[in-house]
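Visitor: For reference, the structure I am asking about is given below.
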2 protein chains.
Amino acid sequence: MGGLRPGTTVSATSIVSPRNSKLSRTAAERTISFYYLSGIDFPGCSVTYDIAADKLTLWIPYTPPATVLWFGNTPSPDDCLAKSDVHDAKYTSQLPGYLSSRLAEVKALYALRASQLPKFDGFEKFKPKLMIDIASLQPVMDEARAIKSDCEIAMIRKANDISSAAHRKVARSLHNMTNECQIEAAFIGACTAENAHTQAYPVIAGSGVNASTLHYDANNEPLAGRQLVVLDAGTEWACYASDVTRTLPLASKFSREAKAIYDLVHQMQDDCIQRIKPGVVFRNLQLHATLVAVKGLLQLGILHNGDANEIFKNGTGAAFFPHGLGHHVGLDVHDVLSRDLLRPAGEGMWGKRRPIGPQSVRAMIKQANQDLDHDSAHTSTQHQKRQTTNHGILQPDMVVTVEPGLYFCRPYIEAYFLRNDEHRRFINVEVLERYWDVGGVRIEDCVLVTRDGHENLTTAPKGEELLRMVGLDVL
Amino acid sequence: MGGLRPGTTVSATSIVSPRNSKLSRTAAERTISFYYLSGIDFPGCSVTYDIAADKLTLWIPYTPPATVLWFGNTPSPDDCLAKSDVHDAKYTSQLPGYLSSRLAEVKALYALRASQLPKFDGFEKFKPKLMIDIASLQPVMDEARAIKSDCEIAMIRKANDISSAAHRKVARSLHNMTNECQIEAAFIGACTAENAHTQAYPVIAGSGVNASTLHYDANNEPLAGRQLVVLDAGTEWACYASDVTRTLPLASKFSREAKAIYDLVHQMQDDCIQRIKPGVVFRNLQLHATLVAVKGLLQLGILHNGDANEIFKNGTGAAFFPHGLGHHVGLDVHDVLSRDLLRPAGEGMWGKRRPIGPQSVRAMIKQANQDLDHDSAHTSTQHQKRQTTNHGILQPDMVVTVEPGLYFCRPYIEAYFLRNDEHRRFINVEVLERYWDVGGVRIEDCVLVTRDGHENLTTAPKGEELLRMVGLDVL
């Protein structure tokens, strides 16, 4: 809580319905903060933190027997104390009394939002002298959440272990499958059978041309005649997410073209993961992956009429690698501050559902050059003028995905690149024709930033191990 | 649309985001109406119905290529006409023009709710002469939805077929399972592998004492030492629900007590299903099931100190059968008008999460007697004074669940029945002691009301077939 006025006596009160796996993602997002503060995830609770006394108190509901009949009993205060690091646990019936006595003594009450203030008639009484601040708590919590504790890393690791085992299981039985739905079924079944009941996001099992849809989720088409399938699926463990993508060759149809794209994406990923360590500007990894892609696509003849640097600087690589390289992973699969990980200074809107187009690539290149100039011209005491904020720089105990991809999404490439001479001149449409059926390739791991480098938390098979597993000789 | 002023020229406009399997249940409920009117379930559509012209028009969005990259393309007007019974399909860009010309001619516009009116600047202009009615459409749609069309019955049948096969698969492999999560995994996996990607409600897989929690959903405890498991799970097909419960004996521990309760619930269900035909008051089936339960519990010695009729009229049976016998099934698993299926006249609040207690049983008995008196004293022309409304009477092409259960939920029974002499005197606490570990038994099928009786749409194994399947000799 370092960002909240030090030295004053304040209370931070967060009243939310805790997360429930059956909630929509939006509702769940609202309740992640509660779980982060309390470690508790059943409904009807509140939590208060007395900053001066450093005392975190959980307030839990009493569940009447008629509700027990319907939903089962909820944990007692002792259960909660055994399960969570809160300093005290009491019934919510005692909360008004606590607030009455504490608010008489403090000057400020921090809450995540007005709608999450406790139901308490006494606020009016204290209002003249009490500052109720609903703006300051969220940003400091977000800062804290970007750096994971050991306990959080353990949960993300466990989620990755279960997801990796499920990916392995799918790869092993892929030869028996005839429809995308069986891939989804095998993945979800494998996770659920390990008591991981909630997927961190909807499973994507897109074969052939469906692999070129980034958030494909129908998962209902036959595999026959298709070259590969992109399986983007990760489970939760104790509310912590994993996010894992594997591209599975469909052995009978896996073409030279598909293999070439697979190898290139694997190289993009491998190169970026190797570079991960504290101090690295994540956006520069995005640029590196894009440059590797452009070089590879030149070699394959899909790009032509220019050298790699020229095409890279033109942003044409975004036709095939049109999304962010990665994001934070934590209580949310796209965890807090993920947008700031890639956004160049001065770019306002920056959402996960907005493609990274040529303009964005150029803005990233421009900023990388400015940062370089600045770094060479200034001493470290003037470092605050550097445009890349700390939010874009990797720090120990961050967990980020590294998920490059190359896609042949015909409507997208035709509309924005082939109709535009600035890009079309670099694209060999004749060669490209042989790649539409590949669809797309994405490979994604969750990577922990360590003090001196990184650790890959995802152990699902990829590369040669995966090719052998699905019955392909390594070419 | 029979309930909307006949003869006048009106338009019914419903603008909603269609259902999406990733939405929360609440959001999904809002969009079921759209699917019911249009047969279309992708986002951003509208539908209008011109009552005078009997013309149903679907308005669909144009999807820009950047969105196609993310979510794939959406169907064209021709795709929609091939898939749905709408008379015409056009792009939403044409909707304002259509509304301008139609609203100039009509006197009334019906919409499901104000928030679902289309974004259209022209409403102000037409307001002086146009009645915008947001109250009349929903009730007539609900009336229509309670009676299923052949197409709807086919979808509900298909959902039941997939769920029944999944229940069968679980029963066959139960002997290999050691934790509730494996039951959930096998069920969801089996449905998903048949391209049924959405469960109609969260899976309940409760073993032992967890079987006494009606909406248990943790599904994470070991099966060791437990006598049985209640598996309440049903998938959707094309947005239509199934709702199926089987109680699975855990062979090594399944006791005489568990078998006795299983047989009694099976008898409650069988007796009720046999009685289903048009004209039957559904509430009277609830009373019948309760009477069968009381007689059986008397024979087992759990009830004593009275005759069946006396205990039945006292409402004490509600200690063990504390919920509704069933509900409509359709686009929603608890479909529209389900509350009216059981609510006695004059009972206001009547929700699915409120136990049916002794007072409710007594109110039902009172109403049944009044109906009887009325029916014998009045001619059919005065039938409208009968207190049971049509909503509580079975009609051909309704689909309802029949889901009796008996539960030994200690906190509930102790708090409301054993502390109350009025009920405690009928309960033999010593005998009851042997039943706490049984937990609970529920058996649930989806039953179609036919012209001359009924058809059970659920084919999951139960009774002797099930006992044999899980390795038990039929006693």
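Identifiers in this document derive from the order of the structure tokens: chains are assigned A, B, ..., residues are numbered from 1 separately in each chain, and ligands are numbered from 1 in order of occurrence.
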Taking 4 positions as the minimum chain separation for residues in the same chain, which residues sit within 12 Å of stretch 146-151 of chain A when counting only C-alpha atoms? Answer as a VMD selection string.

Guide: chain A and resid 36 39 84 to 85 139 to 142 155 to 158 238 240 278 327 to 332 334 to 341 390 to 400 448 to 450

Visitor: Output as a ChimeraX atom specification the set of chain B residues within 9 Å of chain A, with distances taken over only C-alpha atoms.

Guide: /B:22-25,27,64-73,179-197,202,210,212-220,322,353-355,409-416

Visitor: Just the residues within 8 Å of B:His167, please, counting only C-alpha atoms, with nothing from its chain fewer than 4 positions along; format it as an NGL selection string.

Guide: :B and (163 or 171 or 187 or 246 or 460-461)

Visitor: Could you pull the residues within 8 Å of stretch 53-55 of chain A, counting only C-alpha atoms, minus those fewer than 2 positions along the same chain, as an mmCIF file with C-alpha atoms, in the first residue's frame?

Guide:
```cif
data_model
loop_
_atom_site.group_PDB
_atom_site.id
_atom_site.type_symbol
_atom_site.label_atom_id
_atom_site.label_comp_id
_atom_site.auth_asym_id
_atom_site.auth_seq_id
_atom_site.Cartn_x
_atom_site.Cartn_y
_atom_site.Cartn_z
ATOM 1 C CA TYR A 49 -7.207 -3.139 5.881
ATOM 2 C CA ASP A 50 -6.191 -0.776 8.646
ATOM 3 C CA ILE A 51 -3.023 0.732 7.226
ATOM 4 C CA THR A 57 -9.614 -8.261 8.539
ATOM 5 C CA VAL A 86 -5.662 -12.347 6.878
ATOM 6 C CA HIS A 87 -4.991 -11.261 10.467
ATOM 7 C CA ASP A 88 -8.545 -11.745 11.626
#
```

Visitor: Using DSSP assignments from the backbone, pull out every residue in stretch 217-447 of chain A that falls under strand (DSSP E or B) and give it to me as a ChimeraX atom specification.

Guide: /A:222,228-232,235-237,240-241,245-249,281,303,328,393,399-402,405-407,427,440-442,444-447

Visitor: Got time to write the residues from that selection, C-alpha atoms, as an mmCIF file, in the first residue's frame?

Guide:
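What follows is the written file result-v9.cif:
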```
data_model
loop_
_atom_site.group_PDB
_atom_site.id
_atom_site.type_symbol
_atom_site.label_atom_id
_atom_site.label_comp_id
_atom_site.auth_asym_id
_atom_site.auth_seq_id
_atom_site.Cartn_x
_atom_site.Cartn_y
_atom_site.Cartn_z
ATOM 1 C CA PRO A 222 -13.906 -31.635 -39.203
ATOM 2 C CA LEU A 228 -2.631 -28.187 -38.675
ATOM 3 C CA VAL A 229 -4.680 -27.044 -35.700
ATOM 4 C CA VAL A 230 -3.967 -24.169 -33.324
ATOM 5 C CA LEU A 231 -4.900 -25.153 -29.761
ATOM 6 C CA ASP A 232 -4.851 -22.105 -27.473
ATOM 7 C CA THR A 235 -6.693 -23.651 -17.220
ATOM 8 C CA GLU A 236 -6.906 -21.807 -13.918
ATOM 9 C CA TRP A 237 -5.601 -23.053 -10.597
ATOM 10 C CA TYR A 240 -4.561 -18.030 -11.238
ATOM 11 C CA ALA A 241 -4.397 -18.367 -15.009
ATOM 12 C CA THR A 245 -0.822 -22.303 -27.295
ATOM 13 C CA ARG A 246 0.431 -25.207 -29.303
ATOM 14 C CA THR A 247 0.100 -25.672 -33.043
ATOM 15 C CA LEU A 248 -0.444 -29.352 -33.783
ATOM 16 C CA PRO A 249 0.500 -30.773 -37.192
ATOM 17 C CA VAL A 281 11.866 -3.372 -22.958
ATOM 18 C CA LEU A 303 7.921 -11.208 -49.106
ATOM 19 C CA HIS A 328 1.066 -10.326 -18.101
ATOM 20 C CA ILE A 393 10.238 -2.862 -18.831
ATOM 21 C CA VAL A 399 5.101 -13.479 -15.593
ATOM 22 C CA VAL A 400 4.484 -12.742 -19.283
ATOM 23 C CA THR A 401 3.395 -14.765 -22.260
ATOM 24 C CA VAL A 402 5.616 -15.004 -25.323
ATOM 25 C CA GLY A 405 2.252 -16.147 -34.558
ATOM 26 C CA LEU A 406 2.078 -15.995 -38.332
ATOM 27 C CA TYR A 407 -1.347 -16.038 -40.000
ATOM 28 C CA ILE A 427 4.209 -9.272 -51.033
ATOM 29 C CA GLY A 440 -1.863 -19.903 -39.110
ATOM 30 C CA VAL A 441 0.637 -20.925 -36.462
ATOM 31 C CA ARG A 442 0.937 -19.649 -32.893
ATOM 32 C CA GLU A 444 2.765 -19.505 -26.610
ATOM 33 C CA ASP A 445 4.455 -20.077 -23.266
ATOM 34 C CA CYS A 446 4.221 -18.386 -19.876
ATOM 35 C CA VAL A 447 7.649 -17.077 -18.889
#
```

Visitor: As a ChimeraX atom specification, which residues of stretch 72-179 of chain A does DSSP assign to alpha helix (DSSP H)?

Guide: /A:77-83,95-103,123-126,137-146,150-173

Visitor: With a distance cut-off of 9 Å and only C-alpha atoms, select the neighbouring residues of A:Asp121, excluding the residue or stretch itself and same-chain residues fewer than 3 positions from it, and output the selection as a ChimeraX atom specification.

Guide: /A:96,124-125

Visitor: Between atom CA of A:Ala159 and atom CA of A:Thr458, what distance in Å does the model show, to one decimal?

Guide: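 Atom-to-atom, atom CA of A:Ala159 and atom CA of A:Thr458 are spaced 9.3 Å apart.
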
Visitor: Hey, which of B:Gly453, B:Gly44, B:Gly296, B:Gly234 ends up closest to B:Asp263? Count only C-alpha atoms.

Guide: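 Checking each candidate against B:Asp263, we get B:Gly296 as the closest.
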
Visitor: Can you tell me, as a ChimeraX atom specification, what residues are no more than 8 Å from A:Lys253 when counting only C-alpha atoms, ignoring any on the same chain fewer than 5 positions away?

Guide: /A:225-228

Visitor: Pull N, CA and C atoms from the residues just selected and write them as a PDB file, in the first residue's frame.

Guide:
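The file below, again.pdb, is the result:
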```
ATOM      1  N   GLY A 225      -8.551 -33.061 -44.256  1.00  0.00           N
ATOM      2  CA  GLY A 225      -8.019 -32.196 -45.299  1.00  0.00           C
ATOM      3  C   GLY A 225      -7.229 -31.014 -44.783  1.00  0.00           C
ATOM      4  N   ARG A 226      -7.160 -30.837 -43.471  1.00  0.00           N
ATOM      5  CA  ARG A 226      -6.455 -29.669 -42.924  1.00  0.00           C
ATOM      6  C   ARG A 226      -5.032 -30.013 -42.504  1.00  0.00           C
ATOM      7  N   GLN A 227      -4.175 -28.982 -42.520  1.00  0.00           N
ATOM      8  CA  GLN A 227      -2.742 -29.219 -42.321  1.00  0.00           C
ATOM      9  C   GLN A 227      -2.319 -29.168 -40.860  1.00  0.00           C
ATOM     10  N   LEU A 228      -3.032 -28.354 -40.071  1.00  0.00           N
ATOM     11  CA  LEU A 228      -2.631 -28.187 -38.675  1.00  0.00           C
ATOM     12  C   LEU A 228      -3.813 -27.644 -37.880  1.00  0.00           C
TER      13      LEU A 228
END
```

Visitor: As an exercise, work out the distance from atom CA of A:Gly326 to atom CA of A:Glu403 in Å and give it to one decimal place.

Guide: 5.7 Å

Visitor: Name the residues in contact with A:Gly315 at a cut-off of 9 Å, using only C-alpha atoms, excluding same-chain residues fewer than 5 positions from it; report them as a list in words.

Guide: Thr290, Glu310, Gly357, Pro358, Gln359, Ser360, Val361, Arg362 and His423 of chain A

Visitor: Any chance you could export the current selection's C-alpha atoms as a short mmCIF file (atom, residue, chain, number, x, y, z; two decimals), in the first residue's frame?

Guide:
```cif
data_model
loop_
_atom_site.label_atom_id
_atom_site.label_comp_id
_atom_site.auth_asym_id
_atom_site.auth_seq_id
_atom_site.Cartn_x
_atom_site.Cartn_y
_atom_site.Cartn_z
CA THR A 290 8.66 -9.01 -36.30
CA GLU A 310 13.31 -1.86 -45.40
CA GLY A 357 -0.89 -2.79 -37.76
CA PRO A 358 1.93 -1.18 -39.73
CA GLN A 359 1.42 2.19 -37.99
CA SER A 360 1.88 0.57 -34.60
CA VAL A 361 5.04 -1.18 -35.70
CA ARG A 362 6.40 2.13 -36.99
CA HIS A 423 2.63 -2.99 -48.76
#
```
